[in-house]
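The data block below is start38.pdb; it holds PDB, C-alpha atoms, pLDDT in the B column.
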ATOM      1  CA  GLN A   1     -34.132  -0.536  12.797  1.00 90.00           C
ATOM      2  CA  VAL A   2     -30.404  -0.502  12.165  1.00 93.00           C
ATOM      3  CA  GLN A   3     -29.283  -0.546   8.554  1.00 96.00           C
ATOM      4  CA  LEU A   4     -25.807  -0.610   7.059  1.00 97.00           C
ATOM      5  CA  VAL A   5     -25.601  -0.167   3.307  1.00 97.00           C
ATOM      6  CA  GLU A   6     -22.322  -0.621   1.447  1.00 97.00           C
ATOM      7  CA  SER A   7     -21.500   0.797  -1.948  1.00 97.00           C
ATOM      8  CA  GLY A   8     -18.493   1.421  -4.150  1.00 98.00           C
ATOM      9  CA  GLY A   9     -17.504  -2.086  -5.107  1.00 97.00           C
ATOM     10  CA  GLY A  10     -16.719  -3.108  -8.635  1.00 97.00           C
ATOM     11  CA  LEU A  11     -14.176  -4.506 -11.040  1.00 98.00           C
ATOM     12  CA  VAL A  12     -10.693  -3.010 -11.050  1.00 98.00           C
ATOM     13  CA  GLN A  13      -7.326  -3.990 -12.442  1.00 98.00           C
ATOM     14  CA  ALA A  14      -4.482  -4.970 -10.173  1.00 98.00           C
ATOM     15  CA  GLY A  15      -2.745  -1.876  -8.872  1.00 98.00           C
ATOM     16  CA  GLY A  16      -5.909   0.160  -9.010  1.00 98.00           C
ATOM     17  CA  SER A  17      -7.984   1.745  -6.276  1.00 98.00           C
ATOM     18  CA  LEU A  18     -11.533   1.652  -4.979  1.00 98.00           C
ATOM     19  CA  ARG A  19     -13.305   3.459  -2.198  1.00 98.00           C
ATOM     20  CA  LEU A  20     -16.031   1.623  -0.356  1.00 98.00           C
ATOM     21  CA  SER A  21     -18.700   3.482   1.555  1.00 98.00           C
ATOM     22  CA  CYS A  22     -21.003   2.356   4.337  1.00 98.00           C
ATOM     23  CA  ALA A  23     -24.101   4.356   5.215  1.00 98.00           C
ATOM     24  CA  ALA A  24     -25.518   3.722   8.671  1.00 97.00           C
ATOM     25  CA  SER A  25     -28.980   4.485   9.960  1.00 95.00           C
ATOM     26  CA  GLY A  26     -30.958   3.698  13.071  1.00 94.00           C
ATOM     27  CA  ILE A  27     -27.908   3.771  15.307  1.00 89.00           C
ATOM     28  CA  ILE A  28     -25.864   6.267  17.297  1.00 89.00           C
ATOM     29  CA  PHE A  29     -22.991   5.809  14.913  1.00 91.00           C
ATOM     30  CA  SER A  30     -20.483   7.994  16.715  1.00 90.00           C
ATOM     31  CA  SER A  31     -20.626   5.828  19.834  1.00 93.00           C
ATOM     32  CA  ASN A  32     -19.678   2.632  18.064  1.00 95.00           C
ATOM     33  CA  ALA A  33     -16.677   1.094  16.434  1.00 97.00           C
ATOM     34  CA  VAL A  34     -16.997   0.248  12.771  1.00 98.00           C
ATOM     35  CA  SER A  35     -15.257  -2.529  10.908  1.00 98.00           C
ATOM     36  CA  TRP A  36     -14.807  -3.803   7.398  1.00 98.00           C
ATOM     37  CA  TYR A  37     -14.707  -7.539   6.779  1.00 98.00           C
ATOM     38  CA  ARG A  38     -14.313  -9.495   3.584  1.00 98.00           C
ATOM     39  CA  GLN A  39     -15.108 -12.990   2.424  1.00 98.00           C
ATOM     40  CA  ALA A  40     -13.544 -14.567  -0.606  1.00 97.00           C
ATOM     41  CA  PRO A  41     -15.086 -17.615  -2.311  1.00 92.00           C
ATOM     42  CA  GLY A  42     -14.405 -20.751  -0.306  1.00 94.00           C
ATOM     43  CA  LYS A  43     -12.825 -18.824   2.555  1.00 96.00           C
ATOM     44  CA  GLU A  44     -13.959 -17.649   5.952  1.00 97.00           C
ATOM     45  CA  ARG A  45     -14.918 -14.075   6.571  1.00 97.00           C
ATOM     46  CA  GLU A  46     -11.921 -12.088   7.768  1.00 97.00           C
ATOM     47  CA  LEU A  47     -11.491  -8.770   9.504  1.00 98.00           C
ATOM     48  CA  VAL A  48      -9.893  -6.167   7.253  1.00 98.00           C
ATOM     49  CA  ALA A  49      -9.946  -2.980   9.304  1.00 98.00           C
ATOM     50  CA  THR A  50     -11.517  -1.451  12.378  1.00 98.00           C
ATOM     51  CA  MET A  51     -11.896   2.070  13.664  1.00 98.00           C
ATOM     52  CA  THR A  52     -13.021   2.635  17.247  1.00 97.00           C
ATOM     53  CA  SER A  53     -15.376   5.395  18.279  1.00 96.00           C
ATOM     54  CA  GLY A  54     -12.267   7.270  19.400  1.00 95.00           C
ATOM     55  CA  GLY A  55     -10.588   6.970  16.031  1.00 95.00           C
ATOM     56  CA  ILE A  56      -8.089   4.215  16.787  1.00 97.00           C
ATOM     57  CA  THR A  57      -7.498   2.012  13.775  1.00 98.00           C
ATOM     58  CA  ASN A  58      -6.357  -1.542  13.295  1.00 98.00           C
ATOM     59  CA  TYR A  59      -5.653  -3.387  10.062  1.00 98.00           C
ATOM     60  CA  ALA A  60      -5.077  -6.918   8.902  1.00 98.00           C
ATOM     61  CA  ASP A  61      -1.442  -7.463   8.028  1.00 98.00           C
ATOM     62  CA  SER A  62      -2.405  -8.241   4.462  1.00 97.00           C
ATOM     63  CA  VAL A  63      -3.784  -4.737   3.868  1.00 98.00           C
ATOM     64  CA  LYS A  64      -1.533  -2.551   6.024  1.00 98.00           C
ATOM     65  CA  GLY A  65      -0.131   0.334   4.046  1.00 98.00           C
ATOM     66  CA  ARG A  66      -2.650  -0.151   1.238  1.00 98.00           C
ATOM     67  CA  PHE A  67      -6.077   0.271   2.857  1.00 98.00           C
ATOM     68  CA  THR A  68      -7.333   3.131   4.999  1.00 98.00           C
ATOM     69  CA  ILE A  69     -10.468   3.104   7.105  1.00 98.00           C
ATOM     70  CA  SER A  70     -12.168   6.374   7.965  1.00 98.00           C
ATOM     71  CA  ARG A  71     -15.490   7.658   9.215  1.00 97.00           C
ATOM     72  CA  ASP A  72     -17.656  10.747   9.160  1.00 97.00           C
ATOM     73  CA  ASN A  73     -19.824  10.624  12.256  1.00 96.00           C
ATOM     74  CA  ALA A  74     -21.882  13.638  11.226  1.00 96.00           C
ATOM     75  CA  LYS A  75     -22.914  11.830   8.043  1.00 96.00           C
ATOM     76  CA  LYS A  76     -23.040   8.391   9.705  1.00 97.00           C
ATOM     77  CA  MET A  77     -20.665   7.116   7.050  1.00 97.00           C
ATOM     78  CA  ALA A  78     -17.662   4.815   7.087  1.00 98.00           C
ATOM     79  CA  TYR A  79     -15.197   4.389   4.279  1.00 98.00           C
ATOM     80  CA  LEU A  80     -12.524   1.984   3.154  1.00 98.00           C
ATOM     81  CA  GLN A  81      -9.996   3.418   0.744  1.00 98.00           C
ATOM     82  CA  MET A  82      -8.259   0.567  -1.033  1.00 98.00           C
ATOM     83  CA  ASN A  83      -5.104   1.251  -3.009  1.00 98.00           C
ATOM     84  CA  SER A  84      -2.627  -0.987  -4.795  1.00 98.00           C
ATOM     85  CA  LEU A  85      -5.276  -3.656  -5.109  1.00 98.00           C
ATOM     86  CA  LYS A  86      -4.250  -7.235  -5.729  1.00 98.00           C
ATOM     87  CA  PRO A  87      -6.195 -10.193  -7.123  1.00 97.00           C
ATOM     88  CA  ASP A  88      -6.102 -11.664  -3.597  1.00 96.00           C
ATOM     89  CA  ASP A  89      -8.246  -8.735  -2.455  1.00 98.00           C
ATOM     90  CA  THR A  90     -11.148 -10.099  -4.494  1.00 98.00           C
ATOM     91  CA  ALA A  91     -14.014 -10.707  -2.096  1.00 98.00           C
ATOM     92  CA  VAL A  92     -17.356  -9.499  -0.868  1.00 98.00           C
ATOM     93  CA  TYR A  93     -16.706  -6.645   1.545  1.00 98.00           C
ATOM     94  CA  TYR A  94     -18.990  -6.093   4.510  1.00 98.00           C
ATOM     95  CA  CYS A  95     -19.464  -3.165   6.809  1.00 98.00           C
ATOM     96  CA  CYS A  96     -19.997  -4.112  10.429  1.00 97.00           C
ATOM     97  CA  VAL A  97     -20.803  -2.350  13.681  1.00 97.00           C
ATOM     98  CA  PRO A  98     -19.543  -4.773  16.301  1.00 94.00           C
ATOM     99  CA  ARG A  99     -21.657  -4.999  19.434  1.00 91.00           C
ATOM    100  CA  TRP A 100     -21.446  -7.332  22.429  1.00 89.00           C
ATOM    101  CA  SER A 101     -25.214  -7.803  22.147  1.00 89.00           C
ATOM    102  CA  GLY A 102     -24.983  -8.758  18.492  1.00 92.00           C
ATOM    103  CA  SER A 103     -23.211  -7.094  15.597  1.00 94.00           C
ATOM    104  CA  TYR A 104     -24.887  -5.286  12.764  1.00 96.00           C
ATOM    105  CA  TRP A 105     -23.937  -6.178   9.195  1.00 97.00           C
ATOM    106  CA  GLY A 106     -24.492  -4.741   5.782  1.00 97.00           C
ATOM    107  CA  GLN A 107     -25.400  -6.810   2.750  1.00 97.00           C
ATOM    108  CA  GLY A 108     -21.931  -6.599   1.257  1.00 97.00           C
ATOM    109  CA  THR A 109     -20.418  -5.218  -1.913  1.00 98.00           C
ATOM    110  CA  GLN A 110     -18.390  -7.218  -4.416  1.00 98.00           C
ATOM    111  CA  VAL A 111     -14.821  -6.223  -5.173  1.00 98.00           C
ATOM    112  CA  THR A 112     -13.117  -8.014  -8.037  1.00 98.00           C
ATOM    113  CA  VAL A 113      -9.477  -7.357  -8.880  1.00 98.00           C
ATOM    114  CA  SER A 114      -8.282  -8.652 -12.216  1.00 97.00           C
ATOM    115  CA  SER A 115      -4.658  -9.536 -12.902  1.00 93.00           C
TER     116      SER A 115
END
What does the file become when written as structure tokens?
Amino acid sequence: QVQLVESGGGLVQAGGSLRLSCAASGIIFSSNAVSWYRQAPGKERELVATMTSGGITNYADSVKGRFTISRDNAKKMAYLQMNSLKPDDTAVYYCCVPRWSGSYWGQGTQVTVSS
């Protein structure tokens, strides 16, 4: 059974930093891309960042230069380093392993940025 478990969310002031972690199990993690999504209240879920199995990254324009996605395949971990946080970054952040046959999702972790 595949499980993705996020951690590291919390309350931070604008301009601060947080590092989200995603622990994967039940999957050959190194063979898959991993993504971070977020969903703010009243808004649709949006893609924040993706890293392919080969290490290629892609970011939403809104987070470029502030967020960094990384992974440790040996530990089956993915990370999202978030710097220079803004109130608009407030959302539930989800780890995702995208698959054509159906993506795997974590339960999400809340990030709240106060002004």
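Minimum distance to Ala49 of chain A across A:Leu85, A:Val12, A:Ala24, A:Cys96 (counting only C-alpha atoms) occurs at A:Cys96.
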- Message: Evaluate the PyMOL selection byres ((chain A and resi 51) around 12) against this structure - the residues, as JSON, numbers by chain, please.
- Response: {"A": [29, 30, 31, 32, 33, 34, 35, 36, 47, 48, 49, 50, 52, 53, 54, 55, 56, 57, 58, 59, 68, 69, 70, 71, 72, 73, 78, 79, 80, 95, 96, 97, 98]}
- Enumerate, as a PyMOL selection string, the residues matched when the PyMOL selection byres ((chain A and resi 38) around 7) is run on the file above. chain A and resi 36-37+39-40+45-48+91-94
- Query: For Ser84 of chain A, which residue among A:Ser62, A:Gly42, A:Ile27, A:Ser101 is the nearest when counting all atoms listed in the file?
  - Reply: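 Using all atoms listed in the file, Ser84 of chain A sits closest to A:Ser62.
Here the question is which of A:Leu11, A:Met82, A:Met77, A:Ala60 gets nearest to Ser25 of chain A using all atoms listed in the file, and that residue is A:Met77.
Residues within 12 Å of Gly16 of chain A, counting all atoms listed in the file and excluding same-chain residues fewer than 2 positions away, are Gly10, Leu11, Val12, Gln13, Ala14, Leu18, Arg19, Arg66, Phe67, Gln81, Met82, Asn83, Ser84, Leu85, Lys86, Pro87, Asp89, Val111, Thr112, Val113, Ser114 and Ser115 of chain A.
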- Which value, in Å to one decimal, gives the distance between atom CA of Ala23 of chain A and atom CA of Gly102 of chain A?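 Here the two named atoms are 18.7 Å from each other.
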- Query: Which value, in Å to one decimal, gives the distance between atom CA of Ser7 of chain A and atom CA of Gln107 of chain A?
  - Reply: 9.8 Å
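The gap separating atom CA of Glu6 of chain A from atom CA of Arg99 of chain A is 18.5 Å, in Å to one decimal.
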Can you patch up segment 90-101 of chain A, filling it in to all heavy atoms, and show the result as a CSV table (one decimal), keeping the file's coordinate frame?
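Saved the output as rebuild-v6.csv:
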chain,number,residue,atom,x,y,z
A,90,THR,N,-9.8,-9.8,-4.0
A,90,THR,CA,-11.1,-10.1,-4.5
A,90,THR,C,-12.0,-10.8,-3.4
A,90,THR,O,-11.6,-11.8,-2.8
A,90,THR,CB,-11.0,-11.0,-5.7
A,90,THR,OG1,-10.4,-10.3,-6.8
A,90,THR,CG2,-12.4,-11.5,-6.2
A,91,ALA,N,-13.1,-10.2,-3.2
A,91,ALA,CA,-14.0,-10.7,-2.1
A,91,ALA,C,-15.3,-9.9,-2.0
A,91,ALA,O,-15.4,-8.8,-2.7
A,91,ALA,CB,-13.3,-10.6,-0.7
A,92,VAL,N,-16.2,-10.3,-1.3
A,92,VAL,CA,-17.4,-9.5,-0.9
A,92,VAL,C,-16.9,-8.8,0.4
A,92,VAL,O,-16.5,-9.4,1.4
A,92,VAL,CB,-18.6,-10.3,-0.6
A,92,VAL,CG1,-19.8,-9.4,-0.2
A,92,VAL,CG2,-19.0,-11.1,-1.9
A,93,TYR,N,-17.1,-7.5,0.4
A,93,TYR,CA,-16.7,-6.6,1.5
A,93,TYR,C,-18.0,-6.2,2.3
A,93,TYR,O,-18.9,-5.8,1.7
A,93,TYR,CB,-15.9,-5.4,1.1
A,93,TYR,CG,-14.5,-5.8,0.7
A,93,TYR,CD1,-14.2,-6.5,-0.5
A,93,TYR,CD2,-13.4,-5.4,1.5
A,93,TYR,CE1,-12.9,-6.8,-0.8
A,93,TYR,CE2,-12.1,-5.7,1.1
A,93,TYR,CZ,-11.9,-6.4,0.0
A,93,TYR,OH,-10.6,-6.8,-0.4
A,94,TYR,N,-17.9,-6.4,3.6
A,94,TYR,CA,-19.0,-6.1,4.5
A,94,TYR,C,-18.6,-5.0,5.5
A,94,TYR,O,-17.6,-5.0,6.1
A,94,TYR,CB,-19.4,-7.3,5.3
A,94,TYR,CG,-19.9,-8.5,4.4
A,94,TYR,CD1,-19.0,-9.5,4.0
A,94,TYR,CD2,-21.2,-8.6,4.1
A,94,TYR,CE1,-19.4,-10.5,3.2
A,94,TYR,CE2,-21.7,-9.7,3.3
A,94,TYR,CZ,-20.8,-10.6,2.9
A,94,TYR,OH,-21.2,-11.7,2.1
A,95,CYS,N,-19.6,-4.1,5.7
A,95,CYS,CA,-19.5,-3.2,6.8
A,95,CYS,C,-20.1,-3.8,8.0
A,95,CYS,O,-21.1,-4.5,7.9
A,95,CYS,CB,-20.2,-1.9,6.4
A,95,CYS,SG,-20.2,-0.6,7.6
A,96,CYS,N,-19.5,-3.5,9.2
A,96,CYS,CA,-20.0,-4.1,10.4
A,96,CYS,C,-19.9,-3.1,11.6
A,96,CYS,O,-18.9,-2.4,11.7
A,96,CYS,CB,-19.2,-5.4,10.7
A,96,CYS,SG,-19.5,-6.1,12.4
A,97,VAL,N,-20.9,-3.1,12.4
A,97,VAL,CA,-20.8,-2.4,13.7
A,97,VAL,C,-20.8,-3.4,14.8
A,97,VAL,O,-21.8,-4.1,15.0
A,97,VAL,CB,-22.0,-1.4,13.9
A,97,VAL,CG1,-22.0,-0.8,15.3
A,97,VAL,CG2,-21.9,-0.2,12.9
A,98,PRO,N,-19.6,-3.7,15.3
A,98,PRO,CA,-19.5,-4.8,16.3
A,98,PRO,C,-20.2,-4.4,17.6
A,98,PRO,O,-19.9,-3.3,18.2
A,98,PRO,CB,-18.0,-5.0,16.4
A,98,PRO,CG,-17.4,-3.7,16.1
A,98,PRO,CD,-18.3,-3.0,15.1
A,99,ARG,N,-21.0,-5.2,18.2
A,99,ARG,CA,-21.7,-5.0,19.4
A,99,ARG,C,-21.6,-6.3,20.2
A,99,ARG,O,-21.8,-7.4,19.7
A,99,ARG,CB,-23.1,-4.6,19.2
A,99,ARG,CG,-23.3,-3.4,18.4
A,99,ARG,CD,-23.1,-2.1,19.2
A,99,ARG,NE,-24.1,-2.0,20.2
A,99,ARG,CZ,-25.3,-1.4,20.1
A,99,ARG,NH1,-25.6,-0.9,19.0
A,99,ARG,NH2,-26.1,-1.3,21.2
A,100,TRP,N,-21.4,-6.2,21.6
A,100,TRP,CA,-21.4,-7.3,22.4
A,100,TRP,C,-22.8,-8.0,22.4
A,100,TRP,O,-22.9,-9.3,22.5
A,100,TRP,CB,-21.1,-6.9,23.9
A,100,TRP,CG,-19.7,-6.5,24.1
A,100,TRP,CD1,-19.3,-5.2,24.3
A,100,TRP,CD2,-18.6,-7.3,24.0
A,100,TRP,NE1,-17.9,-5.2,24.4
A,100,TRP,CE2,-17.5,-6.5,24.3
A,100,TRP,CE3,-18.4,-8.7,23.8
A,100,TRP,CZ2,-16.2,-7.0,24.3
A,100,TRP,CZ3,-17.1,-9.2,23.9
A,100,TRP,CH2,-16.0,-8.3,24.1
A,101,SER,N,-23.8,-7.2,22.2
A,101,SER,CA,-25.2,-7.8,22.1
A,101,SER,C,-25.6,-8.4,20.8
A,101,SER,O,-26.7,-8.8,20.6
A,101,SER,CB,-26.2,-6.7,22.6
A,101,SER,OG,-26.1,-5.6,21.7
